[in-house]
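One structure below.
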Amino acid sequence: MKVLFICNKSPWPPKEGGPMAMNMLIEGLVKTGHLVRVLAINSFKYTIDPESIPAEYVAKTNIDLVTVDLRIKPFRAFLNLFTGRSYHIERFISRDFTQKLKEILRESAYDIVQLETLSMGPYIPTIRQFSTAKIVLRAHNIEHRIWQRVAEETRNPLKRWYVNHLSRTLKNYELAILNEVDGIAAITSTDADYFRSQLTYPEMPVSQVQQPPSHIPVTVITFGVDPGAYPCAPEKTEYPSLFTIGAMNWIPNQEGIRWFLLNVWMDIHRQFPSLKYYLAGREMPEWMKSLKLPNVIVLGEVENAIDFIRSKTIMIVPLFSGSGIRIKIIEGMAAGKTIISTSMGAEGIDCTNHENILLANLPCEFFDMISLCMANRKGREMIGKNARKLVETNYNSDLIIRKLEAFYQQIAG
């Protein structure tokens, strides 16, 4: 099959969740013999020098990057309040990107055009005009839910009102676009169930819908890894140690870490004064860089995320908003790490508390779970081993690619 990926950011290098999720499918399809082309947005949020992309990757993906200005413009954001349109989506509309898309579609016929994230939805009319390809929406999240949850955690009344407005307009767009595509590939079963319910019964709560029929097929194409790329090496691990890794320009990550530091860390430090907590990830905000808390070590972006994960013991995921799936949890599990996460952070992952993950939602629960790991090394290691087994059976990239191929065949007819 010939597949065109339209991406909201470059899948190369795969250094954060979105690019990793996209690249996993792109490389997997190429590996199984499909012809793949990539058109991606290049922006200040994820700037890639085209010359830095390896020649081998360019050869197998024919990747094109188009610069789009995604910076928030206060005046345009203010005017947008009176339009009813989603400002999140409006920012991704680009004349240059549209023109490049037209050129690509005129040059060659595609079987599938895959939209990576909802923000690529505005390009559906162009695809319909210049191609007969089936359009698949790869939904990395239920996008409006992220902003609903951010609004719930926002204390400033004016800011909360504005975030609610963003969430509301984004939801209207998100639900409308579901009916404009030929197939939906959700990243979790929870998200897939929600999309099915909205396609069929848009006014009915998800909890009341029992696998309704839908004329637009919806499947689950989750994130996966090659377990062989995550060898477990306990002898190279700093024991004990805590760590969090992720894109630090993502609001839920920042809010979760701030909550953990304010509500949990000092109690942990008093109980275990030699224990260190490492923060790693790109786009560290200034408040993180200037932290002066005891034994909190702010590393910023690390050269090799896999090596960093393997070098530490216990992953902390204190997320209270967001949607989709936490890719770093899958990576941590693949490396045999013990994960301590909120229920929200583990949402969408087929995990079981105290078997292959530890769940905590309150400060006292995080304290108890960390204390448990410190007191029972064998028990902690068993949770890590079980997590590795879960990845091998449920989050193996080869199995996921085969499922995606079958989905393409289904919608292509």
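Residue numbers start at 1 in each chain; chains themselves are named A, B, ... in the order of the structure tokens; ligands are numbered from 1 in the order shown.
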Inset, instruction - Determine, counting only C-alpha atoms, which protein, DNA and RNA residues have an atom within 9 Å of an atom of Met24 (chain A); residues of the same chain fewer than 6 positions away are not included. Present the result as a PyMOL selection string. - result: chain A and resi 11+14+223-225+397+401
Include N, CA and C atoms and write out the residues we just selected as a PDB file, in the first residue's frame.
```pdb
ATOM      1  N   PRO A  11       8.186  13.440  12.732  1.00  0.00           N
ATOM      2  CA  PRO A  11       8.367  12.180  13.465  1.00  0.00           C
ATOM      3  C   PRO A  11       9.837  11.863  13.739  1.00  0.00           C
ATOM      4  N   PRO A  14      12.575  10.881  17.003  1.00  0.00           N
ATOM      5  CA  PRO A  14      11.508  10.464  17.919  1.00  0.00           C
ATOM      6  C   PRO A  14      11.919  10.645  19.376  1.00  0.00           C
ATOM      7  N   PHE A 223       0.486   2.452  21.169  1.00  0.00           N
ATOM      8  CA  PHE A 223       1.927   2.628  21.002  1.00  0.00           C
ATOM      9  C   PHE A 223       2.629   1.338  21.391  1.00  0.00           C
ATOM     10  N   GLY A 224       3.652   1.008  20.646  1.00  0.00           N
ATOM     11  CA  GLY A 224       4.407  -0.196  20.962  1.00  0.00           C
ATOM     12  C   GLY A 224       5.895   0.019  20.797  1.00  0.00           C
ATOM     13  N   VAL A 225       6.651  -0.897  21.326  1.00  0.00           N
ATOM     14  CA  VAL A 225       8.114  -0.838  21.227  1.00  0.00           C
ATOM     15  C   VAL A 225       8.651  -2.204  20.827  1.00  0.00           C
ATOM     16  N   SER A 397       5.572  -3.758  19.070  1.00  0.00           N
ATOM     17  CA  SER A 397       5.323  -2.961  17.864  1.00  0.00           C
ATOM     18  C   SER A 397       5.008  -3.816  16.639  1.00  0.00           C
ATOM     19  N   ILE A 401       1.679  -3.251  14.231  1.00  0.00           N
ATOM     20  CA  ILE A 401       1.745  -2.958  12.791  1.00  0.00           C
ATOM     21  C   ILE A 401       0.852  -3.927  12.014  1.00  0.00           C
TER      22      ILE A 401
END
```
Legend entry - Which of region 18-140 of chain A fall in helix (DSSP H, G or I), as a VMD selection string: chain A and resid 18 to 31 50 to 52 55 to 61 74 to 80 87 to 90 95 to 107 118 to 130
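With only C-alpha atoms as the atoms that count, the residue of A:Gln409, A:Leu170, A:Arg282, A:Val30 with the shortest distance to Gly183 (chain A) is A:Gln409.
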Residues of region 328-393 of chain A that approach region 243-256 of chain A to 10 Å or less, counting only C-alpha atoms: could you list each one with the shortest pair of atoms and its distance in Å to one decimal, rows by chain and increasing residue number, as a tab-separated table?
```
residue	atom	partner	partner_atom	distance
A:Lys328	CA	A:Gly246	CA	6.9
A:Ile329	CA	A:Ile245	CA	9.5
A:Gly332	CA	A:Ile245	CA	9.8
A:Ile339	CA	A:Phe243	CA	9.8
A:Thr342	CA	A:Gly256	CA	9.6
A:Gly345	CA	A:Gly256	CA	9.7
```
Inset, instruction - Please provide the set of residues having any atom within 12 Å of Arg380 (chain A), restricted to only C-alpha atoms, with same-chain residues fewer than 2 positions apart removed, written as a ChimeraX atom specification. - result: /A:239-240,313-315,336-340,354-358,369-378,382-387
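Ranking A:Lys276, A:Phe195, A:Gly228, A:Arg149 by their shortest atom-to-atom distance to Leu319 (chain A), with only C-alpha atoms included, puts A:Arg149 first.
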